[in-house]
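Asker: What follows is a structure written as C-alpha cells; I'll ask about it next.
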Amino acid sequence: MSDKYEYHLPLERQRRKMEAAGLDVDVKTLYTLCSSVAEHMGEVIKGIRDDILNDFCAVHIDESPWLIISKSIADKCGR
C-alpha cells in the first residue's frame, strides 16, 4: 500500500518487484487490495478531513507576495 500511495509506484511495477523477490502476485490482486483498504478507510479519511477543516489553527494559506521582475530589470541583471 505504501508503494502505491506514498511512493506513487504503479501496481504493475510493484508486481514486477514482487516477482523479482520470488512472489507470484497478480495485478488484479493488488488492485483488489487497494480497493478494499480504501473502502475500509473511508470513515477515517472523512474524520481526518473534518478535523482539519474544523480546526481553525490547522488550515493555513501562505499569502506571501512573489516578487515579479520586469524584463528591463532582468536585462540589467543579466537574466
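In the C-alpha cells, the first chain shown is A, the next is B, and so on; residue numbers restart at 1 for each chain, and ligands run from 1 in the order shown.
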Can you tell me, as a PDB file with N, CA, C and O atoms, in the first residue's frame, what residues are no more than 10 Å from range 3-20 of chain A when counting only C-alpha atoms, ignoring any on the same chain fewer than 5 positions away?

Answerer:
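Once everything was written out, this is selection.pdb:
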```pdb
ATOM      1  N   VAL A  25       2.306 -12.588  -7.557  1.00  0.00           N
ATOM      2  CA  VAL A  25       1.108 -11.823  -7.228  1.00  0.00           C
ATOM      3  C   VAL A  25       0.577 -11.193  -8.509  1.00  0.00           C
ATOM      4  O   VAL A  25       1.332 -10.587  -9.273  1.00  0.00           O
ATOM      5  N   ASP A  26      -0.717 -11.318  -8.736  1.00  0.00           N
ATOM      6  CA  ASP A  26      -1.350 -10.739  -9.913  1.00  0.00           C
ATOM      7  C   ASP A  26      -1.698  -9.271  -9.657  1.00  0.00           C
ATOM      8  O   ASP A  26      -1.982  -8.887  -8.514  1.00  0.00           O
ATOM      9  N   VAL A  27      -1.659  -8.453 -10.698  1.00  0.00           N
ATOM     10  CA  VAL A  27      -2.009  -7.038 -10.562  1.00  0.00           C
ATOM     11  C   VAL A  27      -3.438  -6.887 -10.051  1.00  0.00           C
ATOM     12  O   VAL A  27      -3.732  -5.998  -9.250  1.00  0.00           O
ATOM     13  N   LYS A  28      -4.322  -7.767 -10.486  1.00  0.00           N
ATOM     14  CA  LYS A  28      -5.719  -7.712 -10.035  1.00  0.00           C
ATOM     15  C   LYS A  28      -5.805  -7.885  -8.512  1.00  0.00           C
ATOM     16  O   LYS A  28      -6.607  -7.221  -7.851  1.00  0.00           O
ATOM     17  N   THR A  29      -4.949  -8.722  -7.957  1.00  0.00           N
ATOM     18  CA  THR A  29      -4.913  -8.917  -6.505  1.00  0.00           C
ATOM     19  C   THR A  29      -4.496  -7.622  -5.805  1.00  0.00           C
ATOM     20  O   THR A  29      -5.089  -7.230  -4.795  1.00  0.00           O
ATOM     21  N   LEU A  30      -3.487  -6.950  -6.355  1.00  0.00           N
ATOM     22  CA  LEU A  30      -3.034  -5.688  -5.774  1.00  0.00           C
ATOM     23  C   LEU A  30      -4.117  -4.619  -5.886  1.00  0.00           C
ATOM     24  O   LEU A  30      -4.341  -3.846  -4.958  1.00  0.00           O
ATOM     25  N   TYR A  31      -4.802  -4.591  -7.026  1.00  0.00           N
ATOM     26  CA  TYR A  31      -5.887  -3.637  -7.218  1.00  0.00           C
ATOM     27  C   TYR A  31      -7.012  -3.891  -6.201  1.00  0.00           C
ATOM     28  O   TYR A  31      -7.532  -2.959  -5.594  1.00  0.00           O
ATOM     29  N   CYS A  34      -5.988  -2.629  -2.797  1.00  0.00           N
ATOM     30  CA  CYS A  34      -6.098  -1.169  -2.706  1.00  0.00           C
ATOM     31  C   CYS A  34      -7.555  -0.744  -2.564  1.00  0.00           C
ATOM     32  O   CYS A  34      -7.888   0.125  -1.760  1.00  0.00           O
TER      33      CYS A  34
END
```

Asker: Go ahead and compute the interatomic distance for CA of Thr32 in chain A and CA of Ile52 in chain A, in Å to one decimal.

Answerer: 29.1 Å

Asker: Mind listing the alpha helix (DSSP H) residues of chain A, per DSSP on the backbone, as an MDAnalysis selection string?

Answerer: chainID A and resid 2:5 11:20 27:54 71:77
